[in-house]
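Text of the file coords-v5.txt, holding compact mmCIF, C-alpha atoms:
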# COMPACT_ATOMS: atom_id res chain seq x y z
CA MET A 1 25.92 -11.46 29.35
CA LEU A 2 25.19 -8.21 31.17
CA ILE A 3 26.34 -6.28 28.12
CA VAL A 4 24.03 -8.24 25.84
CA VAL A 5 21.05 -7.65 28.14
CA SER A 6 21.82 -3.93 28.29
CA LEU A 7 22.04 -3.66 24.50
CA SER A 8 18.81 -5.62 24.05
CA ALA A 9 17.00 -3.41 26.51
CA GLY A 10 18.27 -0.32 24.71
CA CYS A 11 17.07 -1.63 21.35
CA LEU A 12 13.68 -2.42 22.84
CA ASP A 13 13.40 1.07 24.31
CA VAL A 14 14.06 2.83 21.02
CA ALA A 15 11.79 0.43 19.15
CA SER A 16 9.00 1.19 21.62
CA ASP A 17 9.62 4.92 21.18
CA ARG A 18 9.08 4.52 17.44
CA ALA A 19 5.91 2.51 18.03
CA ARG A 20 4.57 5.38 20.12
CA ARG A 21 5.37 7.74 17.26
CA ASP A 22 3.52 5.37 14.92
CA ASP A 23 0.46 5.79 17.09
CA GLY A 24 0.42 9.54 16.47
CA VAL A 25 0.84 9.41 12.69
CA GLY A 26 -2.10 10.71 10.66
CA ARG A 27 -3.54 13.04 13.30
CA ALA A 28 -3.10 16.80 13.41
CA GLU A 29 -5.03 19.99 14.10
CA ALA A 30 -4.42 23.56 12.94
CA HIS A 31 -6.51 26.74 12.78
CA GLY A 32 -9.69 25.05 13.94
CA VAL A 33 -9.57 22.02 11.63
CA ALA A 34 -8.80 18.55 12.99
CA LEU A 35 -7.59 15.94 10.50
CA ASP A 36 -7.59 12.22 11.33
CA VAL A 37 -6.43 9.51 8.91
CA ARG A 38 -7.82 6.13 9.94
CA ASP A 39 -5.13 3.67 11.08
CA GLY A 40 -2.47 6.35 10.50
CA LEU A 41 -2.05 5.30 6.87
CA ALA A 42 -0.74 8.69 5.73
CA ALA A 43 1.88 11.11 6.97
CA ILE A 44 0.56 14.65 7.34
CA ARG A 45 3.41 16.60 5.76
CA GLU A 46 1.89 20.09 6.11
CA ILE A 47 -1.28 21.56 7.61
CA ASP A 48 -2.47 25.15 7.88
CA ALA A 49 -5.65 27.23 7.75
CA THR A 50 -6.29 26.49 4.07
CA GLY A 51 -5.48 22.80 3.77
CA ALA A 52 -3.20 19.85 4.35
CA SER A 53 -0.67 17.81 2.39
CA LEU A 54 -0.44 14.04 2.94
CA TRP A 55 1.91 11.24 1.86
CA ALA A 56 -0.17 8.09 1.42
CA GLY A 57 1.03 4.82 2.94
CA ALA A 58 -1.65 2.60 1.38
CA PRO A 59 -3.70 2.37 -1.84
CA THR A 60 -6.91 3.47 -0.11
CA LEU A 61 -7.43 5.89 2.76
CA ALA A 62 -10.28 6.91 5.05
CA LEU A 63 -10.08 10.25 6.86
CA SER A 64 -12.17 12.80 8.67
CA LEU A 65 -12.05 16.61 8.70
CA ARG A 66 -13.65 18.37 11.66
CA ASN A 67 -14.26 22.12 11.29
CA ARG A 68 -14.50 23.55 14.80
CA ASP A 69 -15.10 27.11 13.56
CA ALA A 70 -18.48 28.81 13.35
CA GLN A 71 -17.70 29.83 9.78
CA PRO A 72 -17.58 27.70 6.62
CA ARG A 73 -14.28 27.32 4.82
CA ARG A 74 -12.86 25.89 1.63
CA TYR A 75 -10.19 23.34 2.46
CA THR A 76 -7.63 21.83 0.07
CA LEU A 77 -6.37 18.28 0.50
CA THR A 78 -3.25 17.38 -1.46
CA LEU A 79 -2.49 13.68 -1.58
CA ASP A 80 0.87 12.38 -2.79
CA ASN A 81 2.07 8.81 -3.45
CA ILE A 82 -1.38 7.76 -4.66
CA LEU A 83 -2.39 5.44 -7.48
CA PRO A 84 -2.84 7.39 -10.73
CA ASP A 85 -6.46 6.23 -11.00
CA ALA A 86 -7.39 7.08 -7.40
CA THR A 87 -10.44 9.28 -6.71
CA LEU A 88 -11.67 11.10 -3.61
CA VAL A 89 -15.25 10.82 -2.34
CA ALA A 90 -16.73 12.58 0.67
CA ALA A 91 -19.87 12.88 2.78
CA THR A 92 -21.32 14.76 5.72
CA ALA A 93 -24.05 13.71 8.11
CA SER A 94 -26.52 15.12 5.58
CA GLY A 95 -25.27 12.98 2.69
CA PRO A 96 -22.62 12.79 -0.05
CA ILE A 97 -20.72 15.87 -1.21
CA GLN A 98 -18.50 16.23 -4.27
CA PRO A 99 -14.84 17.20 -3.71
CA LEU A 100 -13.59 19.49 -6.47
CA LEU A 101 -10.48 18.22 -8.24
CA LEU A 102 -8.23 21.29 -8.46
CA GLU A 103 -5.18 19.84 -10.17
CA ARG A 104 -3.21 16.69 -10.86
CA PRO A 105 0.31 18.06 -11.39
CA LYS A 106 1.82 14.57 -11.42
CA PRO A 107 0.20 11.15 -11.96
CA LYS A 108 0.64 10.23 -8.28
CA THR A 109 -0.32 13.64 -6.84
CA ALA A 110 -3.72 15.33 -6.74
CA SER A 111 -5.39 18.23 -4.93
CA TRP A 112 -9.08 18.37 -4.06
CA GLN A 113 -11.08 21.18 -2.50
CA ILE A 114 -13.73 20.33 0.10
CA MET A 115 -16.29 22.70 1.55
CA LEU A 116 -16.34 22.47 5.35
CA GLN A 117 -19.53 23.67 6.98
CA PRO A 118 -19.48 25.34 10.43
CA SER A 119 -18.97 22.99 13.38
CA SER A 120 -19.30 19.91 11.21
CA THR A 121 -17.37 16.81 10.11
CA VAL A 122 -16.60 15.61 6.59
CA ARG A 123 -15.63 11.99 6.07
CA ALA A 124 -13.57 11.37 2.94
CA ALA A 125 -12.12 8.29 1.29
CA LEU A 126 -9.42 7.78 -1.30
CA ARG A 127 -10.64 4.95 -3.54
CA VAL A 128 -9.47 2.88 -6.48
CA HIS A 129 -11.71 0.78 -8.70
CA ASP A 130 -10.08 -2.62 -8.15
CA THR A 131 -9.69 -2.76 -4.36
CA GLU A 132 -11.97 -5.76 -3.97
CA GLN A 133 -11.26 -7.53 -7.27
CA MET A 134 -10.01 -11.10 -7.01
CA GLY A 135 -8.32 -11.50 -10.38
CA PRO A 136 -4.55 -11.94 -10.85
CA TRP A 137 -2.30 -8.92 -10.27
CA SER A 138 1.29 -8.04 -9.31
CA PHE A 139 3.28 -5.81 -6.97
CA GLY A 140 7.00 -5.16 -6.47
CA VAL A 141 9.39 -5.27 -3.50
CA PHE A 142 12.91 -3.95 -3.09
CA GLY A 143 15.21 -2.75 -0.31
CA ASP A 144 18.50 -1.20 0.74
CA VAL A 145 19.06 1.75 -1.56
CA GLN A 146 21.18 3.69 0.94
CA ARG A 147 23.85 5.82 -0.78
CA ALA A 148 22.87 4.64 -4.29
CA VAL A 149 19.83 6.91 -4.39
CA ASP A 150 21.43 8.93 -7.22
CA ALA A 151 21.18 5.91 -9.53
CA VAL A 152 17.92 4.44 -8.28
CA GLU A 153 16.02 5.60 -11.40
CA ASP A 154 17.34 2.51 -13.21
CA ILE A 155 15.46 0.29 -10.80
CA TYR A 156 12.30 2.36 -11.14
CA ARG A 157 12.46 2.24 -14.94
CA ALA A 158 12.89 -1.53 -14.78
CA MET A 159 9.86 -1.75 -12.48
CA ASN A 160 7.86 0.42 -14.89
CA ARG A 161 8.24 -2.27 -17.54
CA HIS A 162 6.12 -4.61 -15.42
CA PRO A 163 2.38 -4.34 -14.63
CA LEU A 164 2.92 -3.59 -10.93
CA ARG A 165 0.05 -2.02 -8.99
CA PHE A 166 2.43 -0.63 -6.35
CA VAL A 167 5.86 -1.24 -4.80
CA ILE A 168 7.02 -1.87 -1.23
CA ILE A 169 10.48 -0.95 0.07
CA VAL A 170 11.66 -2.95 3.08
CA GLY A 171 13.90 -0.32 4.63
CA ASP A 172 17.27 1.40 4.28
CA LEU A 173 15.88 4.00 1.92
CA THR A 174 18.82 6.30 2.68
CA SER A 175 22.32 6.35 4.15
CA ARG A 176 21.61 8.25 7.37
CA GLY A 177 17.88 9.03 7.45
CA THR A 178 18.30 12.81 7.40
CA ARG A 179 15.49 15.09 6.32
CA GLN A 180 17.43 16.07 3.23
CA GLU A 181 18.00 12.43 2.25
CA LEU A 182 14.39 11.42 2.85
CA ALA A 183 13.08 14.35 0.80
CA PHE A 184 15.51 13.47 -2.00
CA PHE A 185 14.38 9.84 -1.95
CA GLN A 186 10.77 10.98 -2.33
CA HIS A 187 11.76 13.27 -5.19
CA LYS A 188 13.41 10.35 -7.00
CA LEU A 189 10.17 8.38 -6.72
CA ASP A 190 8.68 10.64 -9.41
CA VAL A 191 10.33 8.29 -11.93
CA LEU A 192 8.32 5.35 -10.62
CA ASP A 193 4.88 5.04 -12.23
CA VAL A 194 3.18 3.62 -9.13
CA PRO A 195 3.18 4.40 -5.39
CA CYS A 196 5.88 3.12 -3.05
CA TYR A 197 4.90 2.10 0.50
CA ALA A 198 7.69 1.86 3.04
CA THR A 199 8.91 0.60 6.33
CA LEU A 200 12.17 1.84 7.81
CA GLY A 201 15.55 0.17 8.18
CA ASN A 202 18.48 0.60 10.54
CA HIS A 203 20.00 3.30 8.33
CA GLU A 204 16.94 5.47 8.94
CA LEU A 205 17.90 5.38 12.63
CA ILE A 206 21.37 6.94 12.24
CA THR A 207 20.02 10.49 12.54
CA PRO A 208 19.00 10.67 16.23
CA SER A 209 15.67 12.48 15.71
CA VAL A 210 14.54 9.78 13.20
CA PRO A 211 12.49 12.09 10.93
CA TYR A 212 11.25 9.11 8.89
CA HIS A 213 7.74 9.36 10.40
CA ASP A 214 7.35 12.95 9.22
CA TYR A 215 7.99 11.89 5.62
CA PHE A 216 6.69 8.35 5.21
CA GLY A 217 4.43 7.81 8.22
CA ARG A 218 4.25 4.66 10.29
CA GLY A 219 7.02 2.11 10.50
CA SER A 220 4.45 -0.60 11.32
CA SER A 221 1.18 -0.56 9.42
CA ARG A 222 -1.33 -2.74 7.60
CA PHE A 223 -3.73 -2.51 4.70
CA SER A 224 -5.65 -4.93 2.52
CA PHE A 225 -5.83 -4.92 -1.26
CA ARG A 226 -7.23 -7.40 -3.78
CA GLY A 227 -7.37 -10.37 -1.44
CA VAL A 228 -4.07 -9.78 0.37
CA GLN A 229 -3.46 -8.48 3.88
CA PHE A 230 -0.23 -6.44 3.79
CA VAL A 231 1.62 -5.99 7.07
CA LEU A 232 4.71 -3.76 7.21
CA LEU A 233 6.70 -4.09 10.44
CA ASP A 234 9.44 -2.01 12.03
CA THR A 235 12.27 -4.45 12.85
CA ALA A 236 14.99 -1.88 12.26
CA SER A 237 16.49 -2.34 15.74
CA GLY A 238 16.70 -6.12 15.38
CA THR A 239 13.61 -6.57 17.54
CA VAL A 240 9.88 -5.87 17.57
CA ALA A 241 8.39 -3.56 20.19
CA PRO A 242 5.81 -5.19 22.51
CA GLY A 243 3.09 -2.83 21.30
CA VAL A 244 3.79 -3.81 17.70
CA TYR A 245 3.34 -7.48 18.59
CA HIS A 246 -0.11 -6.56 19.89
CA TRP A 247 -0.91 -4.85 16.59
CA LEU A 248 0.46 -7.79 14.61
CA ASP A 249 -1.79 -10.26 16.42
CA GLN A 250 -4.82 -8.06 15.74
CA TRP A 251 -3.95 -7.49 12.11
CA LEU A 252 -3.46 -11.17 11.37
CA SER A 253 -6.63 -12.09 13.27
CA ASN A 254 -8.65 -9.48 11.37
CA ALA A 255 -7.35 -10.87 8.07
CA ALA A 256 -8.75 -14.36 8.68
CA THR A 257 -11.34 -13.98 5.91
CA LEU A 258 -8.83 -12.84 3.28
CA PRO A 259 -7.21 -15.42 0.99
CA LEU A 260 -3.60 -14.31 1.57
CA ARG A 261 -1.38 -12.63 4.16
CA ALA A 262 2.07 -11.11 3.52
CA VAL A 263 4.54 -9.54 5.98
CA PHE A 264 7.38 -7.14 5.11
CA ALA A 265 10.19 -5.94 7.39
CA HIS A 266 13.81 -4.86 7.21
CA ILE A 267 15.68 -7.26 9.49
CA ALA A 268 14.67 -10.92 9.25
CA PRO A 269 14.16 -13.04 12.39
CA PHE A 270 16.55 -15.62 10.92
CA GLU A 271 18.54 -15.34 7.71
CA PRO A 272 20.22 -18.18 5.83
CA ALA A 273 23.69 -16.74 5.17
CA GLY A 274 24.95 -16.56 8.76
CA ILE A 275 25.90 -12.90 8.39
CA ARG A 276 26.81 -11.13 11.60
CA GLY A 277 24.02 -8.76 12.53
CA GLY A 278 21.81 -10.01 9.70
CA SER A 279 18.93 -11.19 11.87
CA PHE A 280 17.13 -10.49 15.17
CA ASN A 281 19.29 -9.77 18.20
CA SER A 282 17.64 -12.62 20.11
CA HIS A 283 17.16 -16.08 18.65
CA ALA A 284 14.48 -16.72 21.28
CA GLU A 285 12.51 -13.69 20.12
CA ALA A 286 13.05 -14.69 16.48
CA ALA A 287 11.54 -18.11 17.19
CA ARG A 288 8.53 -16.54 18.93
CA PHE A 289 8.10 -14.11 16.02
CA VAL A 290 8.11 -16.88 13.41
CA ASP A 291 5.68 -18.91 15.53
CA ARG A 292 3.34 -15.90 15.61
CA LEU A 293 3.47 -15.62 11.82
CA ALA A 294 2.83 -19.34 11.41
CA ARG A 295 -0.16 -19.24 13.76
CA GLY A 296 -1.42 -16.20 11.85
CA ARG A 297 -1.26 -18.27 8.63
CA VAL A 298 1.13 -15.88 6.88
CA ASP A 299 1.78 -16.90 3.28
CA LEU A 300 4.81 -14.75 2.43
CA THR A 301 7.57 -12.85 4.25
CA VAL A 302 10.04 -10.46 2.61
CA TYR A 303 13.02 -8.80 4.31
CA GLY A 304 16.02 -6.65 3.43
CA HIS A 305 19.17 -5.67 5.36
CA VAL A 306 21.42 -8.31 3.77
CA HIS A 307 22.59 -6.85 0.46
CA SER A 308 21.81 -9.82 -1.71
CA TYR A 309 18.98 -12.17 -2.66
CA TYR A 310 17.94 -15.31 -0.80
CA ALA A 311 14.91 -17.57 -1.06
CA PHE A 312 14.33 -19.83 1.95
CA GLN A 313 11.73 -20.68 4.59
CA ASN A 314 11.16 -19.71 8.21
CA GLY A 315 8.81 -22.01 10.09
CA GLY A 316 7.47 -23.35 6.82
CA ILE A 317 6.64 -19.82 5.57
CA PRO A 318 8.20 -18.79 2.24
CA ALA A 319 10.79 -16.10 2.97
CA PHE A 320 12.85 -13.85 0.74
CA ILE A 321 15.64 -11.36 1.30
CA THR A 322 15.90 -8.59 -1.28
CA GLY A 323 18.70 -6.17 -0.51
CA GLY A 324 19.65 -5.20 -4.05
CA GLY A 325 18.52 -1.57 -4.14
CA GLY A 326 22.08 -0.35 -4.68
CA ALA A 327 23.79 -0.58 -1.27
CA ILE A 328 27.27 -2.18 -1.24
CA PRO A 329 26.54 -5.77 -2.33
CA GLU A 330 27.71 -9.00 -0.80
CA ARG A 331 31.06 -9.88 -2.33
CA PHE A 332 31.26 -12.48 -5.07
CA ASP A 333 27.57 -13.44 -4.97
CA GLY A 334 26.94 -12.10 -8.49
CA VAL A 335 23.41 -10.96 -7.70
CA GLY A 336 23.75 -7.19 -8.08
CA ARG A 337 20.87 -4.75 -8.11
CA HIS A 338 17.46 -6.33 -8.33
CA PHE A 339 13.85 -6.23 -7.18
CA LEU A 340 11.12 -8.80 -6.67
CA ARG A 341 7.93 -9.12 -8.66
CA VAL A 342 5.19 -10.86 -6.70
CA ASP A 343 2.37 -12.29 -8.82
CA VAL A 344 -0.86 -12.74 -6.90
CA GLU A 345 -3.66 -15.17 -7.66
CA PRO A 346 -6.15 -14.69 -4.79
CA ARG A 347 -8.64 -17.33 -5.96
CA ASP A 348 -5.94 -20.02 -5.85
CA ARG A 349 -4.32 -18.52 -2.72
CA ARG A 350 -1.05 -18.31 -4.60
CA LEU A 351 1.86 -15.84 -4.40
CA GLU A 352 4.71 -16.38 -6.87
CA THR A 353 7.89 -14.39 -6.34
CA THR A 354 10.44 -13.70 -9.09
CA MET A 355 13.80 -11.98 -8.67
CA LEU A 356 14.48 -9.55 -11.54
CA ARG A 357 17.98 -8.21 -12.11
CA VAL A 358 18.43 -4.57 -13.00
CA ASP A 359 22.04 -4.64 -14.19
CA GLY A 360 21.51 -7.29 -16.84
CA ARG A 361 23.76 -9.94 -15.33
Re-express the file's structure as structure tokens.
Amino acid sequence: MLIVVSLSAGCLDVASDRARRDDGVGRAEAHGVALDVRDGLAAIREIDATGASLWAGAPTLALSLRNRDAQPRRYTLTLDNILPDATLVAATASGPIQPLLLERPKPKTASWQIMLQPSSTVRAALRVHDTEQMGPWSFGVFGDVQRAVDAVEDIYRAMNRHPLRFVIIVGDLTSRGTRQELAFFQHKLDVLDVPCYATLGNHELITPSVPYHDYFGRGSSRFSFRGVQFVLLDTASGTVAPGVYHWLDQWLSNAATLPLRAVFAHIAPFEPAGIRGGSFNSHAEAARFVDRLARGRVDLTVYGHVHSYYAFQNGGIPAFITGGGGAIPERFDGVGRHFLRVDVEPRDRRLETTMLRVDGR
């Protein structure tokens, strides 16, 4: 019993450390310019005197640029992992200004130049035309690529055959979470036509420094799009940090006016196969977690970690495990590589989830 308590406390400590890192994502300052992405929904990959490069973690972003210098400057914002139809708008205290589109080298990458006046703030927003639309639409979910990243293009090409607005990966992007692996995973995403928003899995924790945040941003985040509140949670240590529970309660409360709420995480609170290490470390915490989701009127939960596909319920909430991104599969289950297509009908408050095989079996 003492050993179990010690391990649980250790998991909680590292989970809380990652939550503190979440809190710092999206804020940086260099050479007199302070950049702040609201809610930390983008990782600031690079920042210098001339501009900044960001990896978006949501379809829309709001950010501010504060020029502390007494001289004006031209500043370049490069945004990656964005929707191909996204645009950037901006304003100062005096009124709207027009960012200059410099280039769009890839469909999901664009660079804009913004003029920063002396000792002033520019507020900018990445927008897409359909953010508030309530018609039917679809998104994708997959998980557990790990060492199969070399062959992941097959999954992306299969996803490209469907009208997905974006894709979510529920962790285990890589084998060990090294900087080299994370950069390679992002490079492979060029094959995918739409953005991919992520939370981390236990394999991202193998490298002690956990550089995930530098590449993908927060492990726990939320955004809303077309009638759905999306919540991505860091459960990679088999637990949820206390601070993340506080965020979760706020996020679900703030989504009360939206038709639908969906939660995505790597390790499920409970999983139906009885696999050792396939769910939360504590059944008591798992029960409290599911109760929180039920009280928050969550309509869908999707997890990874188990390298197969399962459809079940937790506390009356539809739950799915999708671990078919290419990691070593469960033996003899015949599922193979796959992803989920989630069809959304906000007006009817309906989410329909379909498992789609990639290997043709």
Legend entry - Nearest to A:Ala151 by atom-to-atom distance, counting only C-alpha atoms, from A:Arg104, A:Arg357, A:Arg337, A:Arg165: A:Arg337
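Residues of protein, DNA and RNA with at least one atom no farther than 10 Å from (-1.0, -2.6, 6.0) are, using only C-alpha atoms, A:Asp39, A:Leu41, A:Gly57, A:Ala58, A:Pro59, A:Tyr197, A:Arg218, A:Ser220, A:Ser221, A:Arg222, A:Phe223, A:Ser224, A:Phe225, A:Val228, A:Gln229, A:Phe230, A:Val231, A:Leu232, A:Leu233, A:Trp251, A:Ala262, A:Val263, A:Phe264.
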Inset, instruction - Give me, please, the distance in Å between atom CA of A:Ala273 and atom CA of A:Ile328, quoted to one decimal. - result: 16.3 Å
Inset, instruction - Do a neighbour search on A:Pro136 at 9 Å with only C-alpha atoms, toss out local chain neighbours closer than 4 positions, and write the hits as a PyMOL selection string. - result: chain A and resi 226+343-347
Hey, what's within 9 Å of A:His338 if we count all atoms listed in the file and toss same-chain stuff fewer than 2 positions away? As a CSV table (one decimal) with C-alpha atoms, in the coordinates of the input, please?
chain,number,residue,atom,x,y,z
A,142,PHE,CA,12.9,-4.0,-3.1
A,155,ILE,CA,15.5,0.3,-10.8
A,308,SER,CA,21.8,-9.8,-1.7
A,309,TYR,CA,19.0,-12.2,-2.7
A,322,THR,CA,15.9,-8.6,-1.3
A,323,GLY,CA,18.7,-6.2,-0.5
A,324,GLY,CA,19.6,-5.2,-4.0
A,325,GLY,CA,18.5,-1.6,-4.1
A,326,GLY,CA,22.1,-0.4,-4.7
A,335,VAL,CA,23.4,-11.0,-7.7
A,336,GLY,CA,23.8,-7.2,-8.1
A,340,LEU,CA,11.1,-8.8,-6.7
A,355,MET,CA,13.8,-12.0,-8.7
A,356,LEU,CA,14.5,-9.6,-11.5
A,357,ARG,CA,18.0,-8.2,-12.1
A,358,VAL,CA,18.4,-4.6,-13.0
A,359,ASP,CA,22.0,-4.6,-14.2
Per residue of stretch 121-235 of chain A within 10 Å of stretch 16-38 of chain A, note the shortest atom pair and the distance in Å to one decimal, counting only C-alpha atoms, and order the rows by chain and increasing residue number, as CSV.
residue,atom,partner,partner_atom,distance
A:Thr121,CA,A:Ala34,CA,9.2
A:Val122,CA,A:Leu35,CA,9.8
A:Arg123,CA,A:Asp36,CA,9.6
A:Ala124,CA,A:Val37,CA,9.5
A:Ala125,CA,A:Val37,CA,9.6
A:Val210,CA,A:Arg18,CA,8.7
A:Tyr212,CA,A:Arg18,CA,9.9
A:His213,CA,A:Val25,CA,7.3
A:Asp214,CA,A:Val25,CA,8.2
A:Phe216,CA,A:Val25,CA,9.6
A:Gly217,CA,A:Val25,CA,6.0
A:Arg218,CA,A:Asp22,CA,4.7
A:Gly219,CA,A:Asp22,CA,6.5
A:Ser220,CA,A:Asp22,CA,7.0
A:Ser221,CA,A:Asp22,CA,8.4
A:Asp234,CA,A:Ala19,CA,8.3
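A straight line drawn from atom CA of A:Thr353 to atom CA of A:Tyr310 is 11.5 Å long.
With all atoms listed in the file as the atoms that count, the residue of A:Ile321, A:Leu293, A:Ala284, A:Leu300 with the shortest distance to A:Gln250 is A:Leu293.
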Inset, instruction - For A:Thr78, work out the shell of residues within 7 Å, counting all atoms listed in the file and skipping chain neighbours fewer than 5 positions away, then give it as a PyMOL selection string. - result: chain A and resi 52-54+110-112
Legend entry - Given only C-alpha atoms as the counted atoms, nearest of A:Met159, A:Pro259, A:Ala319, A:Ala311 to A:Arg349: A:Pro259
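Across the structure, atom CA of A:Ala15 and atom CA of A:Ala241 are spaced 5.3 Å apart.
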Where is the centre and how long are the edges: axis-aligned box on stretch 52-62 of chain A, 3 Å on each side, Å to one decimal, as AutoDock Vina command-line options:
--center_x -4.2 --center_y 11.1 --center_z 1.6 --size_x 18.2 --size_y 23.5 --size_z 12.9
Please supply stretch 193-200 of chain A, rebuilt with all heavy atoms, as a CSV table (one decimal), keeping the file's coordinate frame.
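Listed below is the output, result_22.csv:
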chain,number,residue,atom,x,y,z
A,193,ASP,N,6.2,4.8,-11.8
A,193,ASP,CA,4.9,5.0,-12.2
A,193,ASP,C,3.8,4.8,-11.2
A,193,ASP,O,2.7,5.3,-11.3
A,193,ASP,CB,4.6,4.1,-13.4
A,193,ASP,CG,5.3,4.6,-14.7
A,193,ASP,OD1,5.8,5.7,-14.7
A,193,ASP,OD2,5.4,3.8,-15.6
A,194,VAL,N,4.2,4.0,-10.1
A,194,VAL,CA,3.2,3.6,-9.1
A,194,VAL,C,3.7,4.0,-7.7
A,194,VAL,O,4.8,4.4,-7.5
A,194,VAL,CB,3.0,2.1,-9.2
A,194,VAL,CG1,2.3,1.7,-10.5
A,194,VAL,CG2,4.3,1.3,-8.9
A,195,PRO,N,2.8,4.0,-6.7
A,195,PRO,CA,3.2,4.4,-5.4
A,195,PRO,C,4.2,3.4,-4.8
A,195,PRO,O,4.3,2.3,-5.2
A,195,PRO,CB,1.9,4.4,-4.6
A,195,PRO,CG,0.8,4.4,-5.6
A,195,PRO,CD,1.3,3.7,-6.8
A,196,CYS,N,4.9,3.9,-3.8
A,196,CYS,CA,5.9,3.1,-3.0
A,196,CYS,C,5.6,3.2,-1.6
A,196,CYS,O,5.6,4.3,-1.0
A,196,CYS,CB,7.3,3.6,-3.3
A,196,CYS,SG,8.6,2.7,-2.4
A,197,TYR,N,5.2,2.1,-0.9
A,197,TYR,CA,4.9,2.1,0.5
A,197,TYR,C,6.1,1.5,1.2
A,197,TYR,O,6.8,0.6,0.8
A,197,TYR,CB,3.7,1.2,0.7
A,197,TYR,CG,2.5,1.6,-0.2
A,197,TYR,CD1,1.8,0.7,-0.9
A,197,TYR,CD2,2.1,3.0,-0.2
A,197,TYR,CE1,0.8,1.1,-1.8
A,197,TYR,CE2,1.1,3.3,-1.1
A,197,TYR,CZ,0.4,2.4,-1.8
A,197,TYR,OH,-0.6,2.8,-2.7
A,198,ALA,N,6.4,2.1,2.4
A,198,ALA,CA,7.7,1.9,3.0
A,198,ALA,C,7.6,1.4,4.5
A,198,ALA,O,6.6,1.8,5.2
A,198,ALA,CB,8.5,3.1,3.0
A,199,THR,N,8.6,0.7,4.9
A,199,THR,CA,8.9,0.6,6.3
A,199,THR,C,10.4,1.0,6.4
A,199,THR,O,11.1,1.1,5.4
A,199,THR,CB,8.7,-0.8,6.9
A,199,THR,OG1,8.9,-0.7,8.3
A,199,THR,CG2,9.5,-1.8,6.3
A,200,LEU,N,10.8,1.3,7.7
A,200,LEU,CA,12.2,1.8,7.8
A,200,LEU,C,13.2,0.7,8.1
A,200,LEU,O,12.8,-0.3,8.6
A,200,LEU,CB,12.2,2.9,8.9
A,200,LEU,CG,12.0,2.6,10.3
A,200,LEU,CD1,12.3,3.8,11.2
A,200,LEU,CD2,10.6,2.0,10.7
